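Working notes, beginning with the structure itself.
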Amino acid sequence: MNDLAVSDMKKVCINEENCKDCGLCIRICREGALTRMNYTNVVGFRPVGWSGDCSLCAKCVVVCLDFAISIK
Ligand code: SF4
Ligand code: SF4
């Protein structure tokens, strides 16, 4: 398996229950890959969802103060 194949397998993972709907990740993502979902999590916030396709720059991971985003 080459490096490109490994990279292709990674994805942005959202821990919906940690999301507080602050919107920071949506604003920092220049690819428009993050949007609010149309449902709420257990504490009443609309969690962020990932489109499934982006450059995996990880800016959203860094900006989220609630550790709700990871790349795996
Ligand atoms: S930065 Fe974190 S808490 Fe804020 S909207 Fe994005 S995922 Fe949710
Ligand atoms: S990894 Fe980068 S491009 Fe992908 S959703 Fe996060 S900020 Fe946007």
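Chain labels A, B, ... are given in the sequence in which chains occur in the structure tokens; within each chain residues are numbered consecutively from 1, and ligands are likewise numbered from 1 in the order shown.
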Practice task
Excluding A:Val62 and any residue of its chain fewer than 6 positions from it, enumerate the residues within 12 Å of it, using only C-alpha atoms, and give them as a VMD selection string.
Solution key: chain A and resid 24 to 25 28 to 29 56 68 to 71
Residue subset to file, keeping N, CA and C atoms, as a short mmCIF file (atom, residue, chain, number, x, y, z; two decimals), in the first residue's frame:
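Okay, this is what ended up in again-v7.cif:
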data_model
loop_
_atom_site.label_atom_id
_atom_site.label_comp_id
_atom_site.auth_asym_id
_atom_site.auth_seq_id
_atom_site.Cartn_x
_atom_site.Cartn_y
_atom_site.Cartn_z
N LEU A 24 -16.82 27.75 14.58
CA LEU A 24 -15.44 28.10 14.24
C LEU A 24 -14.89 27.23 13.11
N CYS A 25 -15.16 25.97 13.16
CA CYS A 25 -14.62 25.07 12.13
C CYS A 25 -15.24 25.37 10.77
N ILE A 28 -13.48 28.45 9.36
CA ILE A 28 -12.08 28.31 8.98
C ILE A 28 -11.90 27.40 7.77
N CYS A 29 -12.87 26.59 7.47
CA CYS A 29 -12.74 25.65 6.35
C CYS A 29 -12.98 26.39 5.03
N LEU A 56 -8.09 17.47 3.83
CA LEU A 56 -7.62 17.00 5.14
C LEU A 56 -6.53 17.92 5.70
N ALA A 68 -13.89 18.09 19.22
CA ALA A 68 -14.95 17.32 18.57
C ALA A 68 -14.55 16.80 17.20
N ILE A 69 -13.41 17.27 16.69
CA ILE A 69 -13.01 16.87 15.33
C ILE A 69 -11.67 16.18 15.36
N SER A 70 -11.57 15.11 14.62
CA SER A 70 -10.28 14.42 14.45
C SER A 70 -10.19 13.92 13.02
N ILE A 71 -8.99 13.58 12.62
CA ILE A 71 -8.78 12.97 11.31
C ILE A 71 -8.21 11.59 11.55
#
Exercise for the section: Tell me, as a PyMOL selection string, which residues lie within 10 Å of stretch 11-14 of chain A, counting only C-alpha atoms; anything in the same chain fewer than 2 positions away does not count. Expected result: chain A and resi 7-9+16-19+33-34+47-58+60-61+67-72
Exercise for the section: May I have all residues of chain A that DSSP, computed from the backbone, assigns to alpha helix (DSSP H), given as a ChimeraX atom specification? Expected result: /A:3-9,24-28,59-63
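Picture a line from atom CA of A:Val42 to atom 4 (Fe, counted along the ligand's line) of ligand 2; it runs 24.8 Å.
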Fill in the blank from the handout: As a check of understanding: the span from atom 1 (S, counted along the ligand's line) of ligand 2 to atom CA of A:Tyr39 is 22.2 Å
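Atom to atom, atom 3 (S, counted along the ligand's line) of ligand 1 and atom CA of A:Lys59 stand 13.2 Å apart.
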Practice task
Please identify which residues in chain A DSSP calls strand (DSSP E or B) from the backbone, and express them as a PyMOL selection string.
Solution key: chain A and resi 12-14+34-36+48-50+69-71
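Distances from A:Arg36, A:Asn41, A:Asn15, A:Glu31 to ligand 2 were compared using only C-alpha atoms and all ligand atoms, and the smallest one belongs to A:Glu31.
Proximity ranking of A:Gly32, A:Asp21, A:Lys10, A:Thr40 relative to ligand 1 places A:Asp21 first, based on only C-alpha atoms and all ligand atoms.
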Fill in the blank from the handout: Judged by only C-alpha atoms and all ligand atoms, the minimum distance to ligand 2 among A:Arg27, A:Met37, A:Cys22, A:Phe45 is found for A:Arg27
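Distances from A:Gly44, A:Thr35, A:Gly23, A:Arg30 to ligand 1 were compared using only C-alpha atoms and all ligand atoms, and the smallest one belongs to A:Gly23.
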